[in-house]
Protein chains: 2
Amino acid sequence: VNGTQQDGSPPTAVVGMVGAGQLARMTQQAAIALGIELRVLSKDRDSPAVDAGARHVAGDPCDMKSLLRLAEGCDVVTFDHEGVPPALISRLAAAGHQVRPSPAAQLLAQDKGEARRLLSRSGFPVPPFIEVAQGDVEAVRSFAAAHGWPLVLKAPTGGYDGRGVEVITSAEQLASSPLAAASTRWLIEEKVDIRQELAVLIARRPAGWWQAYPVVETVQRDGICHELQMPGVIPAALAVEAVSLAASIADGIDATGILAVELFVTGDGGLVVNELAARPHNSGHATIEATVTSQFENHLRAVLDWPLGDTSLLAPAVVTVNLLGPVGGVDLARGLPAALEDPSIHVHLYRKAHRAGRKLGHVTALAETVGEAQAKARRAAACLVAP
Amino acid sequence: VNGTQQDGSPPTAVVGMVGAGQLARMTQQAAIALGIELRVLSKDRDSPAVDAGARHVAGDPCDMKSLLRLAEGCDVVTFDHEGVPPALISRLAAAGHQVRPSPAAQLLAQDKGEARRLLSRSGFPVPPFIEVAQGDVEAVRSFAAAHGWPLVLKAPTGGYDGRGVEVITSAEQLASSPLAAASTRWLIEEKVDIRQELAVLIARRPAGWWQAYPVVETVQRDGICHELQMPGVIPAALAVEAVSLAASIADGIDATGILAVELFVTGDGGLVVNELAARPHNSGHATIEATVTSQFENHLRAVLDWPLGDTSLLAPAVVTVNLLGPVGGVDLARGLPAALEDPSIHVHLYRKAHRAGRKLGHVTALAETVGEAQAKARRAAACLVAP
């Protein structure tokens, strides 16, 4: 047409992804290799995934027409966040579009109350909890009488990076809590004695075939993940238990794609389930360099029902440090050459505008020991986000 | 503007690349991680690199105005092919644009006669050769009298994948050769007794810091590279010699970015230089998965004068098989799931339209032994390009 020679070949598949953040950006990198066309739905063109070459479908993830526009011509629709109302996902599926993970699996990742109820009912270890209506302080008092203060108050939906979670030490604090006033439902949990935080990523195909990634240990500060170690420094038996637990949950909720299961190691060395995420997950960013197949490629392969790739580790120790926007601004371009002075460092920048505490990128280091990987990754991160 | 929230951060650098083929496509994957904006100059939007998200600058690589349009706003201009006339590259540099590699280094990669003359003059091992004007059969006869038939006839410029190279066994064949009739200048060489073909990739920064990749052994058929092994199965001393030779050439021509030096191992176990390419190269595709830093990332880092990444191997044996368009068409989408049944295989598809013999993609396998890697890569390739 107009002298333009058509010289391309059709994509091997067309995948629609709701959301265009850094998870979609790194999914786009994996899509390029496999000849997959990735289309992303977001309001703004100016997004990490579109910047990386994903096709932009302009629209609102909470609007049915936008979702249908995304799904049109896609082999499958998947997600890089939990912001789509489950009812809309169900309607999308009912309209004949392939949606993976399923609306039911999505719901569990979206609603902490739903997840707690289902997991508890199915016998998975979760902290003691109750769900109460806003203002039902009496129910909270009686739960505290049984389990003791402090408690953890959670908004069942919409929270991330520590938002929507608050530790409550007394009935007085509860009464004056902004979160308690803002949520229409509350999830109240016993405050777990957390010794370590782990994450297990499972890649799972529709018929049930799955592959687990090595267990990751995450280091949180103020509810935000700062640093990740792969594999986590835990006893082998605990690693097996964590993977079994996560895979069993993935089977139980019939997850497709990547399912991330966040776990607490409690004071007595046991495991309880914290949260689920039914999508590629921050805890798996190291898989880009540190395992044979990245979580992003395996998410695509799983939702397309293609064979899964090997999730084996390529190095004894791997550390990822998230690049969080420092207070007072940042110039990543200035810090990048200094970060790269360590020839073994891997840098990923998301092209997101700076905000204090926002994840702007991450660095990953592979090494022979955890200490060495940690030192390398922290040094590079400091070059990039030093104020 | 118009309700669109500006939420991105500026790129860490803007790199212009002349050409938008698979080399630019894989460079785009590396650019995403580092937050680099890659702009590619090509006539057609419908190209492997633009498909992968590189910004398209429409224009002719042989047109000065197009080159200036590409260079505008770029930190550096580089190349994914040798099709730009050196005079235009010089003019681009003279106009104040950073061009890497330099016009002089480009010229050697473009013109086999120039390269032979310079390398020979500098004492590097090259096959005996002469350059003759078209039709000067007498000069060829006397060269043959000294070196014997057969000879190799080469068009000094424009050849690739075996095009522009012909083995000539007699004066009669020379007289009737289509290549001899088509070229205005001829490069005539003694036919080397080739025992093995090697390639050494050097990543080199402007001030001279360089890193070599492990020596690759290439298997050609009809002048097209079919299969690559990294590291090549050669004695350690020969590997050292090959790297020294390549690095010395890179220093001698002041290469910047990736310089690929193709070498022949001759019957007596010595090395002679075959060709140079001053850009990422087919022989280095395995570096995406098999070395710490890929040739594409190191090309970007080198031309931006950023520190180079580690070029160490991550596996004992690595084999890449090029996916060449078979006679009679191909359906890569159909073969892909079967290829991925081996969980360790890495597939790269370029989204190029099918033509017999055209490079449509490649597969890479890492393994403990060459035989294992070869079997894996060949099996996957057969799934994808079986007729």
# chains A, B, ... in the order shown; residues from 1 in each chain; ligands from 1
>>> residues_around(residues="A:Val215", least_positions_apart="3", cutoff="12 Å", atoms="only C-alpha atoms", output="PDB file with N, CA, C and O atoms, in the first residue's frame")
ATOM      1  N   GLU A 197      10.128 -13.611  54.913  1.00  0.00           N
ATOM      2  CA  GLU A 197       9.059 -13.569  53.914  1.00  0.00           C
ATOM      3  C   GLU A 197       9.552 -14.258  52.653  1.00  0.00           C
ATOM      4  O   GLU A 197      10.653 -13.985  52.175  1.00  0.00           O
ATOM      5  N   LEU A 198       8.742 -15.142  52.142  1.00  0.00           N
ATOM      6  CA  LEU A 198       9.097 -15.907  50.942  1.00  0.00           C
ATOM      7  C   LEU A 198       8.080 -15.665  49.838  1.00  0.00           C
ATOM      8  O   LEU A 198       6.951 -15.227  50.106  1.00  0.00           O
ATOM      9  N   ALA A 199       8.473 -15.980  48.624  1.00  0.00           N
ATOM     10  CA  ALA A 199       7.514 -15.986  47.519  1.00  0.00           C
ATOM     11  C   ALA A 199       7.837 -17.180  46.632  1.00  0.00           C
ATOM     12  O   ALA A 199       9.013 -17.472  46.375  1.00  0.00           O
ATOM     13  N   VAL A 200       6.796 -17.875  46.223  1.00  0.00           N
ATOM     14  CA  VAL A 200       6.960 -18.982  45.287  1.00  0.00           C
ATOM     15  C   VAL A 200       6.183 -18.651  44.024  1.00  0.00           C
ATOM     16  O   VAL A 200       5.004 -18.303  44.082  1.00  0.00           O
ATOM     17  N   LEU A 201       6.857 -18.741  42.899  1.00  0.00           N
ATOM     18  CA  LEU A 201       6.198 -18.512  41.618  1.00  0.00           C
ATOM     19  C   LEU A 201       5.968 -19.848  40.924  1.00  0.00           C
ATOM     20  O   LEU A 201       6.905 -20.641  40.755  1.00  0.00           O
ATOM     21  N   ILE A 202       4.720 -20.051  40.535  1.00  0.00           N
ATOM     22  CA  ILE A 202       4.340 -21.256  39.807  1.00  0.00           C
ATOM     23  C   ILE A 202       3.893 -20.824  38.419  1.00  0.00           C
ATOM     24  O   ILE A 202       3.062 -19.917  38.293  1.00  0.00           O
ATOM     25  N   ALA A 212       7.666 -24.880  39.042  1.00  0.00           N
ATOM     26  CA  ALA A 212       7.906 -23.902  40.107  1.00  0.00           C
ATOM     27  C   ALA A 212       9.280 -23.268  39.912  1.00  0.00           C
ATOM     28  O   ALA A 212      10.228 -23.936  39.494  1.00  0.00           O
ATOM     29  N   THR A 218      12.114 -12.463  50.267  1.00  0.00           N
ATOM     30  CA  THR A 218      11.935 -11.035  50.010  1.00  0.00           C
ATOM     31  C   THR A 218      12.192 -10.239  51.275  1.00  0.00           C
ATOM     32  O   THR A 218      11.894 -10.682  52.373  1.00  0.00           O
ATOM     33  N   LEU A 228      15.429  -8.939  46.946  1.00  0.00           N
ATOM     34  CA  LEU A 228      15.003 -10.329  46.789  1.00  0.00           C
ATOM     35  C   LEU A 228      16.221 -11.212  46.601  1.00  0.00           C
ATOM     36  O   LEU A 228      17.151 -10.854  45.872  1.00  0.00           O
ATOM     37  N   GLN A 229      16.175 -12.374  47.252  1.00  0.00           N
ATOM     38  CA  GLN A 229      17.244 -13.366  47.087  1.00  0.00           C
ATOM     39  C   GLN A 229      16.668 -14.620  46.465  1.00  0.00           C
ATOM     40  O   GLN A 229      15.638 -15.112  46.909  1.00  0.00           O
ATOM     41  N   MET A 230      17.363 -15.146  45.476  1.00  0.00           N
ATOM     42  CA  MET A 230      16.947 -16.400  44.858  1.00  0.00           C
ATOM     43  C   MET A 230      18.154 -17.310  44.777  1.00  0.00           C
ATOM     44  O   MET A 230      19.138 -16.910  44.182  1.00  0.00           O
ATOM     45  N   PRO A 231      18.177 -18.502  45.343  1.00  0.00           N
ATOM     46  CA  PRO A 231      17.101 -19.039  46.186  1.00  0.00           C
ATOM     47  C   PRO A 231      17.143 -18.427  47.573  1.00  0.00           C
ATOM     48  O   PRO A 231      18.180 -17.930  48.005  1.00  0.00           O
ATOM     49  N   GLY A 232      16.007 -18.438  48.256  1.00  0.00           N
ATOM     50  CA  GLY A 232      15.966 -17.966  49.634  1.00  0.00           C
ATOM     51  C   GLY A 232      16.841 -18.838  50.519  1.00  0.00           C
ATOM     52  O   GLY A 232      17.000 -20.038  50.253  1.00  0.00           O
ATOM     53  N   VAL A 233      17.432 -18.214  51.540  1.00  0.00           N
ATOM     54  CA  VAL A 233      18.302 -18.974  52.446  1.00  0.00           C
ATOM     55  C   VAL A 233      17.420 -19.629  53.510  1.00  0.00           C
ATOM     56  O   VAL A 233      17.137 -19.055  54.557  1.00  0.00           O
ATOM     57  N   ILE A 234      16.931 -20.820  53.199  1.00  0.00           N
ATOM     58  CA  ILE A 234      16.029 -21.561  54.083  1.00  0.00           C
ATOM     59  C   ILE A 234      16.397 -23.036  54.015  1.00  0.00           C
ATOM     60  O   ILE A 234      17.022 -23.477  53.046  1.00  0.00           O
ATOM     61  N   PRO A 235      16.007 -23.825  55.034  1.00  0.00           N
ATOM     62  CA  PRO A 235      16.284 -25.261  54.975  1.00  0.00           C
ATOM     63  C   PRO A 235      15.600 -25.893  53.766  1.00  0.00           C
ATOM     64  O   PRO A 235      14.524 -25.450  53.342  1.00  0.00           O
ATOM     65  N   ALA A 236      16.241 -26.924  53.224  1.00  0.00           N
ATOM     66  CA  ALA A 236      15.715 -27.582  52.028  1.00  0.00           C
ATOM     67  C   ALA A 236      14.280 -28.081  52.243  1.00  0.00           C
ATOM     68  O   ALA A 236      13.430 -27.971  51.364  1.00  0.00           O
ATOM     69  N   ALA A 237      14.028 -28.603  53.437  1.00  0.00           N
ATOM     70  CA  ALA A 237      12.695 -29.141  53.703  1.00  0.00           C
ATOM     71  C   ALA A 237      11.641 -28.039  53.644  1.00  0.00           C
ATOM     72  O   ALA A 237      10.522 -28.250  53.162  1.00  0.00           O
ATOM     73  N   LEU A 238      12.006 -26.859  54.130  1.00  0.00           N
ATOM     74  CA  LEU A 238      11.063 -25.736  54.096  1.00  0.00           C
ATOM     75  C   LEU A 238      10.823 -25.284  52.651  1.00  0.00           C
ATOM     76  O   LEU A 238       9.697 -24.920  52.280  1.00  0.00           O
ATOM     77  N   ALA A 239      11.875 -25.321  51.829  1.00  0.00           N
ATOM     78  CA  ALA A 239      11.724 -24.957  50.420  1.00  0.00           C
ATOM     79  C   ALA A 239      10.753 -25.913  49.731  1.00  0.00           C
ATOM     80  O   ALA A 239       9.871 -25.495  48.969  1.00  0.00           O
ATOM     81  N   VAL A 240      10.908 -27.195  50.031  1.00  0.00           N
ATOM     82  CA  VAL A 240      10.006 -28.195  49.438  1.00  0.00           C
ATOM     83  C   VAL A 240       8.572 -27.946  49.907  1.00  0.00           C
ATOM     84  O   VAL A 240       7.625 -27.989  49.118  1.00  0.00           O
ATOM     85  N   GLU A 241       8.431 -27.652  51.194  1.00  0.00           N
ATOM     86  CA  GLU A 241       7.101 -27.393  51.749  1.00  0.00           C
ATOM     87  C   GLU A 241       6.469 -26.169  51.081  1.00  0.00           C
ATOM     88  O   GLU A 241       5.283 -26.162  50.740  1.00  0.00           O
ATOM     89  N   ALA A 242       7.285 -25.119  50.883  1.00  0.00           N
ATOM     90  CA  ALA A 242       6.773 -23.890  50.275  1.00  0.00           C
ATOM     91  C   ALA A 242       6.311 -24.137  48.847  1.00  0.00           C
ATOM     92  O   ALA A 242       5.238 -23.685  48.432  1.00  0.00           O
ATOM     93  N   VAL A 243       7.120 -24.879  48.092  1.00  0.00           N
ATOM     94  CA  VAL A 243       6.743 -25.158  46.699  1.00  0.00           C
ATOM     95  C   VAL A 243       5.492 -26.041  46.653  1.00  0.00           C
ATOM     96  O   VAL A 243       4.575 -25.804  45.843  1.00  0.00           O
ATOM     97  N   SER A 244       5.423 -27.033  47.535  1.00  0.00           N
ATOM     98  CA  SER A 244       4.258 -27.924  47.550  1.00  0.00           C
ATOM     99  C   SER A 244       2.991 -27.141  47.860  1.00  0.00           C
ATOM    100  O   SER A 244       1.947 -27.323  47.231  1.00  0.00           O
ATOM    101  N   LEU A 245       3.116 -26.250  48.838  1.00  0.00           N
ATOM    102  CA  LEU A 245       1.986 -25.418  49.231  1.00  0.00           C
ATOM    103  C   LEU A 245       1.523 -24.549  48.053  1.00  0.00           C
ATOM    104  O   LEU A 245       0.331 -24.500  47.718  1.00  0.00           O
ATOM    105  N   ALA A 246       2.468 -23.889  47.423  1.00  0.00           N
ATOM    106  CA  ALA A 246       2.123 -22.984  46.320  1.00  0.00           C
ATOM    107  C   ALA A 246       1.525 -23.753  45.144  1.00  0.00           C
ATOM    108  O   ALA A 246       0.527 -23.328  44.557  1.00  0.00           O
ATOM    109  N   ALA A 247       2.121 -24.886  44.821  1.00  0.00           N
ATOM    110  CA  ALA A 247       1.620 -25.672  43.685  1.00  0.00           C
ATOM    111  C   ALA A 247       0.232 -26.214  43.986  1.00  0.00           C
ATOM    112  O   ALA A 247      -0.635 -26.279  43.110  1.00  0.00           O
ATOM    113  N   ALA A 260       1.838 -16.102  41.892  1.00  0.00           N
ATOM    114  CA  ALA A 260       2.813 -15.825  42.953  1.00  0.00           C
ATOM    115  C   ALA A 260       2.137 -16.042  44.295  1.00  0.00           C
ATOM    116  O   ALA A 260       1.069 -15.493  44.546  1.00  0.00           O
ATOM    117  N   VAL A 261       2.744 -16.852  45.131  1.00  0.00           N
ATOM    118  CA  VAL A 261       2.215 -17.117  46.468  1.00  0.00           C
ATOM    119  C   VAL A 261       3.206 -16.542  47.476  1.00  0.00           C
ATOM    120  O   VAL A 261       4.345 -17.009  47.562  1.00  0.00           O
ATOM    121  N   GLU A 262       2.765 -15.514  48.188  1.00  0.00           N
ATOM    122  CA  GLU A 262       3.621 -14.907  49.215  1.00  0.00           C
ATOM    123  C   GLU A 262       3.385 -15.629  50.529  1.00  0.00           C
ATOM    124  O   GLU A 262       2.240 -15.844  50.927  1.00  0.00           O
ATOM    125  N   LEU A 263       4.479 -15.983  51.182  1.00  0.00           N
ATOM    126  CA  LEU A 263       4.395 -16.776  52.409  1.00  0.00           C
ATOM    127  C   LEU A 263       5.175 -16.088  53.528  1.00  0.00           C
ATOM    128  O   LEU A 263       6.186 -15.425  53.278  1.00  0.00           O
ATOM    129  N   SER A 283       8.668 -10.532  42.701  1.00  0.00           N
ATOM    130  CA  SER A 283       9.608 -11.486  43.301  1.00  0.00           C
ATOM    131  C   SER A 283      10.301 -12.350  42.250  1.00  0.00           C
ATOM    132  O   SER A 283      11.259 -13.050  42.568  1.00  0.00           O
ATOM    133  N   GLY A 284       9.838 -12.292  41.000  1.00  0.00           N
ATOM    134  CA  GLY A 284      10.428 -13.126  39.953  1.00  0.00           C
ATOM    135  C   GLY A 284      11.262 -12.369  38.932  1.00  0.00           C
ATOM    136  O   GLY A 284      11.625 -12.932  37.897  1.00  0.00           O
ATOM    137  N   ALA A 286      14.294 -11.590  38.925  1.00  0.00           N
ATOM    138  CA  ALA A 286      15.615 -12.188  38.733  1.00  0.00           C
ATOM    139  C   ALA A 286      15.582 -13.303  37.696  1.00  0.00           C
ATOM    140  O   ALA A 286      16.621 -13.660  37.133  1.00  0.00           O
ATOM    141  N   THR A 287      14.400 -13.863  37.445  1.00  0.00           N
ATOM    142  CA  THR A 287      14.321 -14.976  36.481  1.00  0.00           C
ATOM    143  C   THR A 287      14.733 -14.551  35.079  1.00  0.00           C
ATOM    144  O   THR A 287      15.044 -15.409  34.253  1.00  0.00           O
ATOM    145  N   THR A 311      12.755 -23.821  34.583  1.00  0.00           N
ATOM    146  CA  THR A 311      12.828 -22.786  35.620  1.00  0.00           C
ATOM    147  C   THR A 311      14.076 -22.933  36.497  1.00  0.00           C
ATOM    148  O   THR A 311      14.160 -22.323  37.561  1.00  0.00           O
ATOM    149  N   SER A 312      15.046 -23.709  36.038  1.00  0.00           N
ATOM    150  CA  SER A 312      16.251 -23.943  36.846  1.00  0.00           C
ATOM    151  C   SER A 312      17.110 -22.688  36.972  1.00  0.00           C
ATOM    152  O   SER A 312      17.202 -21.888  36.048  1.00  0.00           O
ATOM    153  N   LEU A 313      17.762 -22.606  38.100  1.00  0.00           N
ATOM    154  CA  LEU A 313      18.697 -21.509  38.376  1.00  0.00           C
ATOM    155  C   LEU A 313      20.014 -21.698  37.630  1.00  0.00           C
ATOM    156  O   LEU A 313      20.497 -22.821  37.484  1.00  0.00           O
ATOM    157  N   ALA A 317      23.722 -18.005  43.680  1.00  0.00           N
ATOM    158  CA  ALA A 317      23.080 -16.944  44.462  1.00  0.00           C
ATOM    159  C   ALA A 317      22.728 -15.774  43.558  1.00  0.00           C
ATOM    160  O   ALA A 317      23.527 -15.374  42.718  1.00  0.00           O
ATOM    161  N   VAL A 318      21.523 -15.252  43.738  1.00  0.00           N
ATOM    162  CA  VAL A 318      21.050 -14.147  42.903  1.00  0.00           C
ATOM    163  C   VAL A 318      20.347 -13.147  43.812  1.00  0.00           C
ATOM    164  O   VAL A 318      19.541 -13.527  44.651  1.00  0.00           O
TER     165      VAL A 318
END
>>> interface_residues(of="chain A", to="chain B", cutoff="7 Å", atoms="only C-alpha atoms", output="PDB file with C-alpha atoms, in the first residue's frame")
ATOM      1  CA  THR A   4       5.224   0.194   1.331  1.00  0.00           C
ATOM      2  CA  GLN A   5       6.391  -3.339   0.805  1.00  0.00           C
ATOM      3  CA  GLN A   6       4.703  -5.782   3.152  1.00  0.00           C
ATOM      4  CA  ASP A   7       7.654  -7.777   4.337  1.00  0.00           C
ATOM      5  CA  GLY A   8       6.659  -9.078   7.769  1.00  0.00           C
ATOM      6  CA  SER A   9       5.302 -12.432   8.832  1.00  0.00           C
ATOM      7  CA  PRO A  10       2.185 -12.763  10.995  1.00  0.00           C
ATOM      8  CA  PRO A  11       2.721 -13.080  14.744  1.00  0.00           C
ATOM      9  CA  THR A  12       2.874 -16.566  16.224  1.00  0.00           C
ATOM     10  CA  GLN A  29      10.662  -8.273  25.836  1.00  0.00           C
ATOM     11  CA  ILE A  32       9.613 -10.197  20.891  1.00  0.00           C
ATOM     12  CA  ALA A  33      11.719 -13.361  20.977  1.00  0.00           C
ATOM     13  CA  LEU A  34       8.747 -15.666  20.417  1.00  0.00           C
ATOM     14  CA  GLY A  35       7.253 -13.564  17.621  1.00  0.00           C
ATOM     15  CA  ASP A  44      -2.336   6.444  28.638  1.00  0.00           C
ATOM     16  CA  ASP A  46       2.783   7.027  27.809  1.00  0.00           C
ATOM     17  CA  SER A  47       3.459   3.794  29.713  1.00  0.00           C
ATOM     18  CA  ALA A  52       8.882  -0.917  24.945  1.00  0.00           C
ATOM     19  CA  GLY A  53       6.859  -1.537  21.796  1.00  0.00           C
ATOM     20  CA  ALA A  54       3.663  -3.252  22.947  1.00  0.00           C
ATOM     21  CA  VAL A 292      16.701 -20.689  31.952  1.00  0.00           C
ATOM     22  CA  TRP A 306       2.343 -23.825  25.033  1.00  0.00           C
ATOM     23  CA  PRO A 307       4.935 -26.043  26.734  1.00  0.00           C
ATOM     24  CA  LEU A 308       6.606 -24.397  29.733  1.00  0.00           C
ATOM     25  CA  GLY A 309      10.273 -23.511  29.832  1.00  0.00           C
ATOM     26  CA  ASP A 310      12.880 -24.689  32.326  1.00  0.00           C
ATOM     27  CA  LEU A 332      18.836   7.481  36.320  1.00  0.00           C
ATOM     28  CA  ALA A 333      20.717   8.424  33.148  1.00  0.00           C
ATOM     29  CA  PRO A 337      27.295   4.277  33.596  1.00  0.00           C
ATOM     30  CA  LEU A 340      27.479  -0.609  34.858  1.00  0.00           C
ATOM     31  CA  GLU A 341      31.089  -0.357  36.032  1.00  0.00           C
ATOM     32  CA  PRO A 343      30.516  -5.830  34.379  1.00  0.00           C
ATOM     33  CA  SER A 344      28.262  -8.526  35.827  1.00  0.00           C
ATOM     34  CA  VAL A 347      19.985  -3.155  34.995  1.00  0.00           C
ATOM     35  CA  HIS A 348      16.286  -2.815  34.146  1.00  0.00           C
ATOM     36  CA  LEU A 349      14.740   0.640  33.910  1.00  0.00           C
ATOM     37  CA  TYR A 350      10.997   1.043  33.444  1.00  0.00           C
ATOM     38  CA  ARG A 351      10.874   4.602  32.040  1.00  0.00           C
ATOM     39  CA  LYS A 352       8.402   5.658  34.744  1.00  0.00           C
ATOM     40  CA  ALA A 353       8.265   9.223  36.009  1.00  0.00           C
TER      41      ALA A 353
END
>>> select_by_dssp(residues="stretch 21-151 of chain A", states="helix (DSSP H, G or I)", output="PyMOL selection string")
chain A and resi 22-34+48-51+64-71+86-94+103-110+112-121+137-147
>>> residues_around(residues="B:Val18", least_positions_apart="4", cutoff="10 Å", atoms="only C-alpha atoms", output="PyMOL selection string")
chain B and resi 24+39-42+57+59-62+66-67+70-71+77-84
>>> residues_around(residues="A:Pro150", least_positions_apart="4", cutoff="7 Å", atoms="only C-alpha atoms", output="JSON, numbers by chain")
{"A": [167, 168, 169, 170, 191]}
>>> atom_distance(atom1="atom CA of A:His226", atom2="atom CA of A:Val370")
15.6 Å
>>> closest_residue(among="A:Ala139, A:Ala302, A:Ala180, A:Ala146", to="A:Thr256", atoms="only C-alpha atoms")
A:Ala302
>>> closest_residue(among="B:Met17, B:Leu68, B:Leu153, B:Ile194", to="B:Asp268", atoms="only C-alpha atoms")
B:Ile194
>>> select_by_dssp(residues="stretch 178-261 of chain B", states="strand (DSSP E or B)", output="ChimeraX atom specification")
/B:185-190,194-204,210-212,216-221,224-230,257-261
>>> atom_distance(atom1="atom CA of B:Trp186", atom2="atom CA of B:Gly113")
8.4 Å
>>> residues_around(residues="A:Gln106", least_positions_apart="4", cutoff="12 Å", atoms="only C-alpha atoms", output="ChimeraX atom specification")
/A:78-90,99-102,110-112,114-115,157,250,253-260,276-279
>>> atom_distance(atom1="atom CA of B:Glu372", atom2="atom CA of B:His285")
18.5 Å
>>> residues_around(residues="stretch 125-132 of chain A", least_positions_apart="2", cutoff="7 Å", atoms="only C-alpha atoms", output="list in words")
Gly113, Arg116, Ser120, Gly123, Gln134, Asp136, Arg185, Trp186, Leu187, Ile188, Glu189, Glu190, Val192, Leu271, Val272 and Val273 of chain A
>>> decode(residues="stretch 227-241 of chain A", atoms="N, CA, C and O atoms", output="compact mmCIF listing (two decimals), in the first residue's frame")
# COMPACT_ATOMS: atom_id res chain seq x y z
N GLU A 227 14.32 -5.87 48.39
CA GLU A 227 15.41 -6.73 47.94
C GLU A 227 14.91 -8.16 47.89
O GLU A 227 14.07 -8.56 48.70
N LEU A 228 15.43 -8.94 46.95
CA LEU A 228 15.00 -10.33 46.79
C LEU A 228 16.22 -11.21 46.60
O LEU A 228 17.15 -10.85 45.87
N GLN A 229 16.17 -12.37 47.25
CA GLN A 229 17.24 -13.37 47.09
C GLN A 229 16.67 -14.62 46.47
O GLN A 229 15.64 -15.11 46.91
N MET A 230 17.36 -15.15 45.48
CA MET A 230 16.95 -16.40 44.86
C MET A 230 18.15 -17.31 44.78
O MET A 230 19.14 -16.91 44.18
N PRO A 231 18.18 -18.50 45.34
CA PRO A 231 17.10 -19.04 46.19
C PRO A 231 17.14 -18.43 47.57
O PRO A 231 18.18 -17.93 48.01
N GLY A 232 16.01 -18.44 48.26
CA GLY A 232 15.97 -17.97 49.63
C GLY A 232 16.84 -18.84 50.52
O GLY A 232 17.00 -20.04 50.25
N VAL A 233 17.43 -18.21 51.54
CA VAL A 233 18.30 -18.97 52.45
C VAL A 233 17.42 -19.63 53.51
O VAL A 233 17.14 -19.05 54.56
N ILE A 234 16.93 -20.82 53.20
CA ILE A 234 16.03 -21.56 54.08
C ILE A 234 16.40 -23.04 54.02
O ILE A 234 17.02 -23.48 53.05
N PRO A 235 16.01 -23.83 55.03
CA PRO A 235 16.28 -25.26 54.98
C PRO A 235 15.60 -25.89 53.77
O PRO A 235 14.52 -25.45 53.34
N ALA A 236 16.24 -26.92 53.22
CA ALA A 236 15.71 -27.58 52.03
C ALA A 236 14.28 -28.08 52.24
O ALA A 236 13.43 -27.97 51.36
N ALA A 237 14.03 -28.60 53.44
CA ALA A 237 12.69 -29.14 53.70
C ALA A 237 11.64 -28.04 53.64
O ALA A 237 10.52 -28.25 53.16
N LEU A 238 12.01 -26.86 54.13
CA LEU A 238 11.06 -25.74 54.10
C LEU A 238 10.82 -25.28 52.65
O LEU A 238 9.70 -24.92 52.28
N ALA A 239 11.88 -25.32 51.83
CA ALA A 239 11.72 -24.96 50.42
C ALA A 239 10.75 -25.91 49.73
O ALA A 239 9.87 -25.50 48.97
N VAL A 240 10.91 -27.19 50.03
CA VAL A 240 10.01 -28.19 49.44
C VAL A 240 8.57 -27.95 49.91
O VAL A 240 7.62 -27.99 49.12
N GLU A 241 8.43 -27.65 51.19
CA GLU A 241 7.10 -27.39 51.75
C GLU A 241 6.47 -26.17 51.08
O GLU A 241 5.28 -26.16 50.74
